[in-house]
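Okay, coords.cif now, which holds mmCIF, C-alpha atoms:
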data_input
#
loop_
_atom_site.label_atom_id
_atom_site.label_comp_id
_atom_site.auth_asym_id
_atom_site.auth_seq_id
_atom_site.Cartn_x
_atom_site.Cartn_y
_atom_site.Cartn_z
CA MET A 1 67.99 56.48 176.62
CA SER A 2 68.98 55.28 173.22
CA LEU A 3 68.78 57.11 169.95
CA THR A 4 67.20 56.29 166.63
CA ILE A 5 68.53 57.16 163.19
CA SER A 6 65.41 59.23 162.60
CA GLN A 7 66.25 61.30 165.68
CA VAL A 8 69.83 61.78 164.46
CA LEU A 9 68.65 62.79 160.98
CA LYS A 10 65.92 65.17 162.14
CA THR A 11 68.03 66.80 164.85
CA THR A 12 70.87 67.46 162.41
CA THR A 13 68.51 68.71 159.72
CA ALA A 14 66.68 71.15 161.97
CA GLN A 15 69.97 72.44 163.34
CA THR A 16 72.18 72.59 160.28
CA LEU A 17 69.71 73.44 157.50
CA GLY A 18 67.97 75.80 159.94
CA ALA A 19 71.27 77.55 160.66
CA LEU A 20 72.15 77.57 156.95
CA LYS A 21 68.99 79.57 156.29
CA GLY A 22 70.22 82.20 158.75
CA VAL A 23 73.68 82.26 157.18
CA LEU A 24 72.13 82.73 153.72
CA ALA A 25 69.90 85.53 155.02
CA LYS A 26 73.01 87.33 156.30
CA GLY A 27 74.61 86.83 152.88
CA GLN A 28 71.54 88.34 151.26
CA ALA A 29 71.61 91.35 153.63
CA HIS A 30 75.33 91.85 153.01
CA ALA A 31 74.91 91.83 149.23
CA GLU A 32 72.16 94.42 149.53
CA ALA A 33 74.15 96.56 151.99
CA ILE A 34 77.21 96.79 149.77
CA GLY A 35 75.25 96.98 146.52
CA VAL A 36 76.67 93.83 144.94
CA GLU A 37 74.62 91.47 142.75
CA GLU A 38 73.60 88.32 144.64
CA SER A 39 74.95 86.25 141.76
CA VAL A 40 78.49 87.30 142.73
CA PHE A 41 78.09 85.50 146.04
CA LEU A 42 76.09 82.60 144.65
CA ASN A 43 78.84 81.90 142.15
CA ALA A 44 81.76 82.34 144.56
CA ARG A 45 84.10 79.39 145.05
CA LEU A 46 86.85 78.50 147.53
CA ALA A 47 88.94 77.01 144.73
CA PRO A 48 88.50 77.09 140.94
CA ASP A 49 87.52 73.41 140.78
CA MET A 50 85.14 73.44 143.75
CA PHE A 51 81.40 73.92 143.44
CA PRO A 52 80.10 77.47 143.95
CA LEU A 53 77.85 78.51 146.81
CA VAL A 54 74.59 77.82 145.00
CA ARG A 55 75.63 74.22 144.35
CA GLN A 56 76.84 73.69 147.92
CA VAL A 57 73.36 74.57 149.17
CA GLN A 58 71.69 72.43 146.51
CA ILE A 59 73.80 69.42 147.49
CA ALA A 60 73.31 69.95 151.24
CA THR A 61 69.54 69.91 150.76
CA ASP A 62 69.56 67.03 148.27
CA MET A 63 71.74 64.81 150.46
CA SER A 64 69.48 65.21 153.44
CA ALA A 65 66.01 65.31 151.81
CA ARG A 66 66.70 62.54 149.35
CA GLY A 67 68.47 60.65 152.11
CA ALA A 68 65.37 60.79 154.30
CA SER A 69 63.32 59.39 151.43
CA ARG A 70 65.79 56.63 150.71
CA LEU A 71 65.83 55.63 154.37
CA ALA A 72 62.04 55.58 154.51
CA GLY A 73 61.51 53.87 151.16
CA ARG A 74 59.58 56.89 149.87
CA ASP A 75 59.67 58.55 146.49
CA MET A 76 62.56 60.97 146.20
CA PRO A 77 61.75 64.68 146.19
CA SER A 78 63.04 66.46 143.13
CA PHE A 79 64.22 70.03 143.48
CA PRO A 80 65.07 71.60 140.12
CA ASP A 81 68.47 73.27 140.41
CA THR A 82 67.30 76.66 139.24
CA GLU A 83 68.00 78.99 142.18
CA THR A 84 69.48 82.37 141.30
CA THR A 85 68.82 84.28 144.53
CA PHE A 86 69.41 83.88 148.25
CA ALA A 87 65.63 83.90 148.79
CA GLU A 88 65.25 80.90 146.51
CA LEU A 89 68.02 79.03 148.31
CA ILE A 90 66.37 79.76 151.66
CA GLU A 91 63.07 78.46 150.25
CA ARG A 92 64.85 75.31 149.11
CA CYS A 93 66.15 74.80 152.66
CA ASP A 94 62.62 75.28 153.98
CA ASN A 95 61.27 72.69 151.55
CA ALA A 96 63.98 70.20 152.47
CA ILE A 97 63.43 70.70 156.20
CA ALA A 98 59.65 70.24 155.81
CA HIS A 99 60.18 67.10 153.75
CA ILE A 100 62.61 65.53 156.23
CA LEU A 101 60.71 66.42 159.40
CA GLY A 102 57.53 65.15 157.74
CA THR A 103 59.02 61.74 156.94
CA SER A 104 57.75 58.93 159.15
CA ASP A 105 60.05 58.03 162.03
CA ASP A 106 58.87 54.45 161.94
CA ALA A 107 59.54 54.11 158.22
CA ILE A 108 63.08 55.48 158.64
CA ASN A 109 63.91 53.43 161.70
CA ALA A 110 62.63 50.22 160.13
CA ASN A 111 65.65 50.39 157.83
CA ALA A 112 68.36 50.95 160.44
CA ASP A 113 69.85 47.52 159.77
CA THR A 114 68.82 47.22 156.11
CA VAL A 115 71.68 47.29 153.62
CA LEU A 116 70.97 50.05 151.12
CA GLU A 117 72.78 50.57 147.82
CA ILE A 118 73.86 54.19 147.92
CA PRO A 119 74.80 55.93 144.65
CA ALA A 120 78.50 56.77 144.76
CA GLY A 121 79.09 58.35 141.36
CA LYS A 122 79.90 56.90 137.94
CA ASP A 123 77.16 54.24 138.05
CA GLN A 124 78.66 52.82 141.21
CA THR A 125 76.83 52.11 144.41
CA MET A 126 78.11 51.49 147.90
CA PRO A 127 76.33 49.11 150.30
CA MET A 128 75.61 50.69 153.69
CA THR A 129 73.16 49.93 156.47
CA GLY A 130 70.59 52.62 157.18
CA THR A 131 72.55 53.45 160.32
CA ALA A 132 75.87 53.86 158.48
CA TYR A 133 74.13 55.84 155.74
CA THR A 134 72.67 58.23 158.30
CA LEU A 135 75.73 58.72 160.50
CA SER A 136 78.59 58.45 158.04
CA PHE A 137 77.04 59.74 154.84
CA ILE A 138 74.04 62.03 155.30
CA VAL A 139 75.15 63.84 158.46
CA THR A 140 78.73 64.10 157.24
CA ASN A 141 77.78 65.36 153.78
CA LEU A 142 75.24 67.80 155.17
CA ASN A 143 77.83 69.35 157.49
CA PHE A 144 80.49 69.28 154.78
CA HIS A 145 78.43 71.26 152.27
CA ALA A 146 76.86 73.58 154.85
CA THR A 147 80.28 74.43 156.32
CA THR A 148 81.68 75.01 152.84
CA ALA A 149 78.79 77.40 152.15
CA TYR A 150 79.55 79.14 155.45
CA GLY A 151 83.28 79.39 154.67
CA LEU A 152 82.53 80.76 151.20
CA LEU A 153 80.37 83.55 152.56
CA ARG A 154 82.88 84.19 155.33
CA SER A 155 85.68 84.46 152.75
CA GLN A 156 83.54 86.99 150.86
CA GLY A 157 83.27 89.26 153.88
CA VAL A 158 79.85 88.33 155.26
CA ALA A 159 79.83 88.98 159.03
CA ILE A 160 78.92 85.55 160.38
CA GLY A 161 80.44 83.58 163.24
CA LYS A 162 80.39 80.00 164.43
CA ARG A 163 77.26 80.62 166.48
CA ASP A 164 75.46 81.30 163.18
CA TYR A 165 76.53 77.84 162.04
CA LEU A 166 75.69 76.05 165.26
CA MET A 167 72.23 77.44 165.88
CA PRO A 168 69.28 78.52 163.74
CA PRO A 169 68.36 82.19 164.30
CA GLY A 170 66.20 82.56 167.37
CA ALA A 171 67.21 79.21 168.87
CA GLU A 172 67.85 79.73 172.55
CA ALA A 173 69.81 76.58 173.15
CA LEU A 174 71.02 73.57 171.25
CA MET B 1 68.50 48.46 166.28
CA SER B 2 68.95 51.63 168.25
CA LEU B 3 72.05 53.71 168.59
CA THR B 4 73.97 54.98 171.57
CA ILE B 5 75.73 58.33 171.90
CA SER B 6 79.01 56.49 172.32
CA GLN B 7 78.44 54.82 168.95
CA VAL B 8 77.68 58.18 167.32
CA LEU B 9 80.76 59.79 168.86
CA LYS B 10 83.15 56.96 168.05
CA THR B 11 81.87 56.45 164.50
CA THR B 12 82.21 60.15 163.72
CA THR B 13 85.64 60.37 165.32
CA ALA B 14 87.08 57.39 163.48
CA GLN B 15 85.66 58.68 160.21
CA THR B 16 86.27 62.41 160.41
CA LEU B 17 89.52 62.62 162.39
CA GLY B 18 90.77 59.58 160.47
CA ALA B 19 90.02 61.30 157.18
CA LEU B 20 91.51 64.58 158.46
CA LYS B 21 94.81 62.75 158.99
CA GLY B 22 94.78 61.76 155.32
CA VAL B 23 93.93 65.31 154.24
CA LEU B 24 96.82 66.66 156.34
CA ALA B 25 99.20 64.08 154.89
CA LYS B 26 98.28 65.28 151.39
CA GLY B 27 98.92 68.85 152.54
CA GLN B 28 102.32 67.80 153.82
CA ALA B 29 103.18 66.05 150.54
CA HIS B 30 102.03 69.09 148.54
CA ALA B 31 104.18 71.48 150.58
CA GLU B 32 107.18 69.25 150.00
CA ALA B 33 106.44 68.80 146.29
CA ILE B 34 106.26 72.53 145.60
CA GLY B 35 109.03 73.46 148.03
CA VAL B 36 106.93 75.69 150.27
CA GLU B 37 107.42 75.89 154.06
CA GLU B 38 104.72 73.95 155.92
CA SER B 39 104.11 77.03 158.06
CA VAL B 40 102.63 78.78 155.02
CA PHE B 41 99.85 76.21 154.93
CA LEU B 42 99.49 75.89 158.69
CA ASN B 43 98.95 79.64 158.95
CA ALA B 44 96.59 79.95 155.97
CA ARG B 45 93.11 81.35 156.63
CA LEU B 46 89.86 81.54 154.65
CA ALA B 47 89.25 85.06 155.97
CA PRO B 48 91.49 87.45 157.94
CA ASP B 49 89.47 87.01 161.14
CA MET B 50 89.10 83.23 160.94
CA PHE B 51 91.43 80.81 162.69
CA PRO B 52 94.29 79.41 160.59
CA LEU B 53 94.64 75.74 159.66
CA VAL B 54 96.69 74.78 162.70
CA ARG B 55 94.01 76.10 165.04
CA GLN B 56 91.19 74.43 163.08
CA VAL B 57 92.84 71.05 163.67
CA GLN B 58 93.53 71.86 167.32
CA ILE B 59 89.87 72.75 167.90
CA ALA B 60 88.55 69.72 165.99
CA THR B 61 90.61 67.41 168.21
CA ASP B 62 89.87 69.31 171.43
CA MET B 63 86.12 69.37 170.83
CA SER B 64 85.96 65.63 170.30
CA ALA B 65 88.56 64.36 172.80
CA ARG B 66 87.56 66.70 175.61
CA GLY B 67 83.93 66.05 174.72
CA ALA B 68 84.41 62.30 175.16
CA SER B 69 85.90 62.94 178.60
CA ARG B 70 83.14 65.31 179.62
CA LEU B 71 80.53 62.77 178.55
CA ALA B 72 82.27 60.01 180.51
CA GLY B 73 83.07 62.09 183.59
CA ARG B 74 86.79 61.54 183.06
CA ASP B 75 89.68 63.96 183.44
CA MET B 76 90.10 66.09 180.34
CA PRO B 77 93.10 65.39 178.13
CA SER B 78 95.31 68.41 177.66
CA PHE B 79 97.07 68.86 174.35
CA PRO B 80 99.50 71.78 174.38
CA ASP B 81 98.85 73.90 171.30
CA THR B 82 102.42 73.79 170.04
CA GLU B 83 102.18 72.10 166.63
CA THR B 84 104.30 73.64 163.88
CA THR B 85 104.28 70.82 161.32
CA PHE B 86 101.79 68.59 159.53
CA ALA B 87 103.36 65.57 161.21
CA GLU B 88 102.63 67.03 164.63
CA LEU B 89 99.02 67.76 163.67
CA ILE B 90 98.62 64.19 162.42
CA GLU B 91 100.04 62.93 165.72
CA ARG B 92 97.54 65.10 167.57
CA CYS B 93 94.71 63.51 165.59
CA ASP B 94 96.10 60.06 166.45
CA ASN B 95 96.20 60.95 170.14
CA ALA B 96 92.65 62.29 170.07
CA ILE B 97 91.33 59.23 168.22
CA ALA B 98 93.06 56.87 170.70
CA HIS B 99 91.65 58.82 173.64
CA ILE B 100 88.10 58.82 172.30
CA LEU B 101 88.01 55.20 171.15
CA GLY B 102 89.52 54.20 174.49
CA THR B 103 86.82 55.94 176.52
CA SER B 104 84.31 53.57 178.14
CA ASP B 105 81.07 53.18 176.21
CA ASP B 106 79.18 52.55 179.43
CA ALA B 107 80.53 55.69 181.08
CA ILE B 108 79.56 57.81 178.08
CA ASN B 109 76.13 56.29 177.63
CA ALA B 110 75.31 56.61 181.34
CA ASN B 111 75.16 60.38 180.73
CA ALA B 112 72.86 60.39 177.69
CA ASP B 113 70.09 62.05 179.68
CA THR B 114 72.28 63.94 182.17
CA VAL B 115 72.21 67.71 181.82
CA LEU B 116 75.80 68.89 181.41
CA GLU B 117 76.96 72.49 181.67
CA ILE B 118 78.94 73.05 178.48
CA PRO B 119 81.40 75.97 178.31
CA ALA B 120 80.09 78.46 175.75
CA GLY B 121 82.67 81.25 175.92
CA LYS B 122 83.01 84.31 178.15
CA ASP B 123 82.46 82.41 181.43
CA GLN B 124 79.08 81.26 180.15
CA THR B 125 77.82 77.70 180.09
CA MET B 126 74.95 76.15 178.21
CA PRO B 127 72.92 73.28 179.68
CA MET B 128 72.63 70.30 177.34
CA THR B 129 71.87 66.63 177.82
CA GLY B 130 74.65 64.23 176.91
CA THR B 131 72.64 63.34 173.81
CA ALA B 132 72.25 66.96 172.68
CA TYR B 133 75.91 67.62 173.46
CA THR B 134 76.99 64.68 171.30
CA LEU B 135 74.68 65.24 168.33
CA SER B 136 74.38 69.01 168.21
CA PHE B 137 77.71 70.16 169.61
CA ILE B 138 80.54 67.64 169.32
CA VAL B 139 79.64 66.09 165.96
CA THR B 140 78.69 69.48 164.50
CA ASN B 141 81.84 71.23 165.73
CA LEU B 142 84.07 68.37 164.65
CA ASN B 143 82.69 68.47 161.11
CA PHE B 144 82.75 72.28 161.06
CA HIS B 145 86.45 72.54 161.92
CA ALA B 146 87.50 69.52 159.86
CA THR B 147 85.66 70.83 156.79
CA THR B 148 87.19 74.27 157.29
CA ALA B 149 90.64 72.66 157.43
CA TYR B 150 89.78 70.78 154.22
CA GLY B 151 88.53 73.95 152.50
CA LEU B 152 91.66 75.83 153.55
CA LEU B 153 93.98 73.23 152.04
CA ARG B 154 91.75 73.03 148.97
CA SER B 155 91.92 76.81 148.55
CA GLN B 156 95.74 76.55 148.77
CA GLY B 157 95.88 74.14 145.86
CA VAL B 158 96.18 70.78 147.62
CA ALA B 159 94.71 68.06 145.38
CA ILE B 160 92.04 66.60 147.65
CA GLY B 161 88.44 65.70 146.92
CA LYS B 162 85.33 64.94 148.93
CA ARG B 163 86.22 61.28 149.13
CA ASP B 164 89.30 62.32 151.15
CA TYR B 165 86.93 64.01 153.59
CA LEU B 166 84.41 61.21 153.75
CA MET B 167 86.75 58.29 154.28
CA PRO B 168 90.06 57.69 156.04
CA PRO B 169 92.80 56.52 153.65
CA GLY B 170 92.53 52.80 153.05
CA ALA B 171 88.91 52.56 154.19
CA GLU B 172 87.04 50.38 151.72
CA ALA B 173 83.56 51.46 152.67
CA LEU B 174 81.85 53.79 155.07
#
Output the file's structure as structure tokens, nothing else.
Amino acid sequence: MSLTISQVLKTTTAQTLGALKGVLAKGQAHAEAIGVEESVFLNARLAPDMFPLVRQVQIATDMSARGASRLAGRDMPSFPDTETTFAELIERCDNAIAHILGTSDDAINANADTVLEIPAGKDQTMPMTGTAYTLSFIVTNLNFHATTAYGLLRSQGVAIGKRDYLMPPGAEAL
Amino acid sequence: MSLTISQVLKTTTAQTLGALKGVLAKGQAHAEAIGVEESVFLNARLAPDMFPLVRQVQIATDMSARGASRLAGRDMPSFPDTETTFAELIERCDNAIAHILGTSDDAINANADTVLEIPAGKDQTMPMTGTAYTLSFIVTNLNFHATTAYGLLRSQGVAIGKRDYLMPPGAEAL
């Protein structure tokens, strides 16, 4: 059986943003348990010139939700970057997941071979087929930012393990 | 155009293990420039109970190279976990990339719908189709460990950016 880019995108989204919600919920519980303001965790960084946790989650959701829209030729969802709590970040993940899973498979897959101009910073764009954009950009960026969020919380003492990253809470198998 | 699991695996490997080589080379250059033993970086961790850099790279390569073999029904490659330098870790990435790219597409794709029993720790296995194993296990684990290696070096002051993670050195486009 062969795959489609929609299947790749939706499988990765459900898994990785779903798991990220669980990781964030454990961060929230940890902050409450030790009596530390959530903002301490949301502003934590792995290096002084890296984005803090809140931004890692914002980018992970933007890359995937806006990516789904770009692939499908839909209007881009706009999430204002205003989250100041774990609950708001979890809600943002929920909104992104709903947006991506609700995007038409046919509309996404119709652009598998279409060359898209992907924004690459500083007014530059990079031409990529829908397939390359999905595999080498969206999935890679989503995992990059979600893992960085995981590592940040791990470095701050939150008791999470790789299983929390690999599977959404309650998932029985992959 | 539809995708195959071999295409997903090989694209991700060439991109992510290729980029990891570049990230490790920058780590090596940084250690030399500041006159610090490479072992300091290879043993760095993001949290006391997380694996150090050397192990992150070993797992990233094992997951993908052994995964390619499992998908294709081939003998598993065995890499002794003896690396003590950046150069040896880069060589390990090269060996893993060569193994994966050299694995038969047809042999891999023949198992897209086959249910494989994937080792899941403590004598347990988890049943997954070849497709689920590729998308939800190999690609996810590879990115997880490669991003953790990146974050570790970043937290130790190595001057790398997301472009180093997204593209192997010298790659002109994704």
For this session: With a distance cut-off of 10 Å and all atoms listed in the file, select the neighbouring residues of region 122-131 of chain A, excluding the residue or stretch itself and same-chain residues fewer than 4 positions from it, and output the selection as a list in words.
Result: Thr4, Ile5, Ser6, Val8, Gly67, Arg70, Leu71, Ala72, Ile108, Asn109, Ala110, Asn111, Ala112, Asp113, Thr114, Val115, Leu116, Glu117, Ile118, Leu135, Ser136 and Phe137 of chain A; Met1, Ser2, Leu3, Val8, Glu172, Ala173 and Leu174 of chain B
For this session: Please write as a VMD selection string the full residue list that the PyMOL selection byres ((chain B and resi 29) around 12) yields on this file.
Result: chain B and resid 22 to 28 30 to 38 41 85 to 87 153 157 to 160
Problem set entry | Chain and number of each residue from the PyMOL selection byres ((chain B and resi 19) around 7), as a PyMOL selection string | chain B and resi 15-18+20-23+164-169
Over every C-alpha pair, in sequence order, do a least-squares fit of chain A onto chain B and save the fitted chain as a compact mmCIF listing (two decimals) with C-alpha atoms, in the frame of the given file.
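As written to disk, superposed-v8.txt reads:
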# COMPACT_ATOMS: atom_id res chain seq x y z
CA MET A 1 68.54 48.43 166.27
CA SER A 2 68.98 51.59 168.22
CA LEU A 3 72.05 53.71 168.58
CA THR A 4 73.97 54.99 171.56
CA ILE A 5 75.71 58.34 171.89
CA SER A 6 79.00 56.49 172.31
CA GLN A 7 78.44 54.81 168.94
CA VAL A 8 77.67 58.18 167.33
CA LEU A 9 80.75 59.79 168.87
CA LYS A 10 83.16 56.96 168.04
CA THR A 11 81.87 56.45 164.50
CA THR A 12 82.21 60.16 163.72
CA THR A 13 85.63 60.37 165.34
CA ALA A 14 87.07 57.40 163.48
CA GLN A 15 85.66 58.68 160.21
CA THR A 16 86.28 62.41 160.41
CA LEU A 17 89.52 62.62 162.41
CA GLY A 18 90.76 59.57 160.47
CA ALA A 19 90.01 61.32 157.17
CA LEU A 20 91.51 64.57 158.47
CA LYS A 21 94.80 62.75 159.00
CA GLY A 22 94.77 61.77 155.32
CA VAL A 23 93.94 65.31 154.23
CA LEU A 24 96.82 66.67 156.34
CA ALA A 25 99.20 64.07 154.89
CA LYS A 26 98.28 65.28 151.39
CA GLY A 27 98.92 68.85 152.54
CA GLN A 28 102.32 67.80 153.83
CA ALA A 29 103.17 66.05 150.53
CA HIS A 30 102.03 69.08 148.54
CA ALA A 31 104.18 71.48 150.57
CA GLU A 32 107.19 69.24 150.01
CA ALA A 33 106.44 68.81 146.29
CA ILE A 34 106.26 72.53 145.59
CA GLY A 35 109.03 73.46 148.02
CA VAL A 36 106.95 75.69 150.27
CA GLU A 37 107.42 75.90 154.05
CA GLU A 38 104.73 73.95 155.92
CA SER A 39 104.11 77.02 158.06
CA VAL A 40 102.62 78.78 155.02
CA PHE A 41 99.83 76.21 154.93
CA LEU A 42 99.49 75.90 158.69
CA ASN A 43 98.95 79.64 158.95
CA ALA A 44 96.59 79.95 155.98
CA ARG A 45 93.12 81.36 156.63
CA LEU A 46 89.87 81.56 154.66
CA ALA A 47 89.25 85.07 155.97
CA PRO A 48 91.49 87.45 157.94
CA ASP A 49 89.46 87.01 161.14
CA MET A 50 89.11 83.23 160.94
CA PHE A 51 91.43 80.81 162.68
CA PRO A 52 94.30 79.40 160.59
CA LEU A 53 94.64 75.75 159.66
CA VAL A 54 96.69 74.77 162.70
CA ARG A 55 93.99 76.10 165.03
CA GLN A 56 91.18 74.43 163.08
CA VAL A 57 92.85 71.06 163.67
CA GLN A 58 93.54 71.86 167.32
CA ILE A 59 89.88 72.76 167.90
CA ALA A 60 88.55 69.72 165.99
CA THR A 61 90.61 67.42 168.21
CA ASP A 62 89.87 69.31 171.43
CA MET A 63 86.11 69.37 170.83
CA SER A 64 85.95 65.64 170.30
CA ALA A 65 88.56 64.36 172.81
CA ARG A 66 87.55 66.70 175.59
CA GLY A 67 83.93 66.05 174.70
CA ALA A 68 84.41 62.31 175.17
CA SER A 69 85.92 62.96 178.59
CA ARG A 70 83.14 65.31 179.61
CA LEU A 71 80.53 62.77 178.57
CA ALA A 72 82.27 60.01 180.50
CA GLY A 73 83.06 62.09 183.58
CA ARG A 74 86.79 61.54 183.05
CA ASP A 75 89.67 63.94 183.43
CA MET A 76 90.11 66.09 180.35
CA PRO A 77 93.11 65.39 178.13
CA SER A 78 95.32 68.41 177.65
CA PHE A 79 97.07 68.86 174.34
CA PRO A 80 99.49 71.79 174.38
CA ASP A 81 98.86 73.91 171.29
CA THR A 82 102.42 73.80 170.04
CA GLU A 83 102.19 72.11 166.63
CA THR A 84 104.29 73.65 163.87
CA THR A 85 104.29 70.82 161.32
CA PHE A 86 101.79 68.60 159.53
CA ALA A 87 103.37 65.57 161.22
CA GLU A 88 102.63 67.03 164.64
CA LEU A 89 99.03 67.76 163.67
CA ILE A 90 98.61 64.20 162.42
CA GLU A 91 100.04 62.93 165.72
CA ARG A 92 97.55 65.10 167.58
CA CYS A 93 94.72 63.51 165.58
CA ASP A 94 96.10 60.08 166.45
CA ASN A 95 96.19 60.95 170.14
CA ALA A 96 92.65 62.29 170.07
CA ILE A 97 91.33 59.23 168.23
CA ALA A 98 93.06 56.87 170.70
CA HIS A 99 91.66 58.83 173.64
CA ILE A 100 88.09 58.83 172.31
CA LEU A 101 88.00 55.21 171.16
CA GLY A 102 89.52 54.20 174.50
CA THR A 103 86.81 55.94 176.53
CA SER A 104 84.31 53.58 178.14
CA ASP A 105 81.07 53.18 176.22
CA ASP A 106 79.17 52.54 179.42
CA ALA A 107 80.54 55.67 181.08
CA ILE A 108 79.55 57.81 178.07
CA ASN A 109 76.12 56.29 177.64
CA ALA A 110 75.31 56.63 181.33
CA ASN A 111 75.14 60.38 180.74
CA ALA A 112 72.86 60.40 177.70
CA ASP A 113 70.07 62.05 179.68
CA THR A 114 72.26 63.94 182.17
CA VAL A 115 72.20 67.72 181.82
CA LEU A 116 75.78 68.89 181.41
CA GLU A 117 76.97 72.49 181.67
CA ILE A 118 78.94 73.05 178.49
CA PRO A 119 81.39 75.97 178.32
CA ALA A 120 80.12 78.46 175.75
CA GLY A 121 82.70 81.23 175.94
CA LYS A 122 83.06 84.29 178.18
CA ASP A 123 82.47 82.38 181.43
CA GLN A 124 79.11 81.24 180.17
CA THR A 125 77.84 77.71 180.10
CA MET A 126 74.97 76.14 178.22
CA PRO A 127 72.93 73.28 179.69
CA MET A 128 72.63 70.30 177.33
CA THR A 129 71.86 66.63 177.82
CA GLY A 130 74.63 64.22 176.90
CA THR A 131 72.63 63.34 173.80
CA ALA A 132 72.25 66.96 172.67
CA TYR A 133 75.91 67.62 173.46
CA THR A 134 76.98 64.68 171.30
CA LEU A 135 74.69 65.25 168.32
CA SER A 136 74.38 69.02 168.20
CA PHE A 137 77.70 70.16 169.61
CA ILE A 138 80.53 67.64 169.32
CA VAL A 139 79.62 66.10 165.95
CA THR A 140 78.69 69.48 164.49
CA ASN A 141 81.83 71.22 165.73
CA LEU A 142 84.06 68.36 164.66
CA ASN A 143 82.69 68.47 161.11
CA PHE A 144 82.74 72.27 161.07
CA HIS A 145 86.44 72.54 161.92
CA ALA A 146 87.50 69.52 159.86
CA THR A 147 85.66 70.84 156.78
CA THR A 148 87.19 74.28 157.30
CA ALA A 149 90.64 72.65 157.42
CA TYR A 150 89.78 70.78 154.23
CA GLY A 151 88.54 73.94 152.48
CA LEU A 152 91.66 75.83 153.55
CA LEU A 153 93.97 73.25 152.04
CA ARG A 154 91.76 73.01 148.97
CA SER A 155 91.92 76.80 148.55
CA GLN A 156 95.72 76.55 148.76
CA GLY A 157 95.88 74.13 145.85
CA VAL A 158 96.19 70.78 147.63
CA ALA A 159 94.70 68.07 145.38
CA ILE A 160 92.04 66.59 147.65
CA GLY A 161 88.43 65.70 146.91
CA LYS A 162 85.32 64.95 148.91
CA ARG A 163 86.22 61.27 149.12
CA ASP A 164 89.29 62.33 151.14
CA TYR A 165 86.93 64.02 153.58
CA LEU A 166 84.41 61.20 153.76
CA MET A 167 86.76 58.28 154.27
CA PRO A 168 90.06 57.69 156.05
CA PRO A 169 92.80 56.51 153.65
CA GLY A 170 92.52 52.80 153.05
CA ALA A 171 88.90 52.57 154.20
CA GLU A 172 87.05 50.38 151.75
CA ALA A 173 83.57 51.44 152.68
CA LEU A 174 81.85 53.75 155.10
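Proximity to chain A was assessed for B:Ser64, B:Gln58, B:Thr12, B:Thr103 counting only C-alpha atoms; the smallest distance is recorded for B:Thr12.
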Problem set entry | Å distance separating CA of Asp94 (chain A) from CA of Gly121 (chain A), one decimal place |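 Result for CA of Asp94 (chain A) versus CA of Gly121 (chain A): 26.8 Å, one decimal.
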For this session: Translate the PyMOL selection byres ((chain A and resi 82) around 12), as applied to the file shown, into an explicit residue set as JSON, numbers by chain.
Result: {"A": [42, 54, 55, 57, 58, 78, 79, 80, 81, 83, 84, 85, 86, 88, 89, 91, 92]}
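CA of His145 (chain A) is positioned 5.2 Å from CA of Gln56 (chain A).
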For this session: Could you check how far CA of Ala132 (chain A) sits from CA of Lys10 (chain B), in Å to one decimal?
Result: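 Between CA of Ala132 (chain A) and CA of Lys10 (chain B) the gap is 12.4 Å.
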For this session: For Asn143 (chain A), list every protein, DNA or RNA residue within 9 Å, evaluated using only C-alpha atoms, and leave out those in the same chain fewer than 6 positions away; present the list as a list of chain:residue names.
Result: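 In the requested format, the answer is A:Thr12, A:Thr16, A:Ala60, B:Thr140, B:Asn143, B:Phe144, B:Thr147.
In terms of minimum interatomic distance to Phe51 (chain A), A:Thr148 ranks closest within A:Met63, A:Thr148, A:Gly170, A:Arg163, counting all atoms listed in the file.
Between chain B and the residues A:Ala65, A:Ala98, A:Leu53, A:Tyr133, the shortest atom-to-atom distance, using all atoms listed in the file, involves A:Tyr133.
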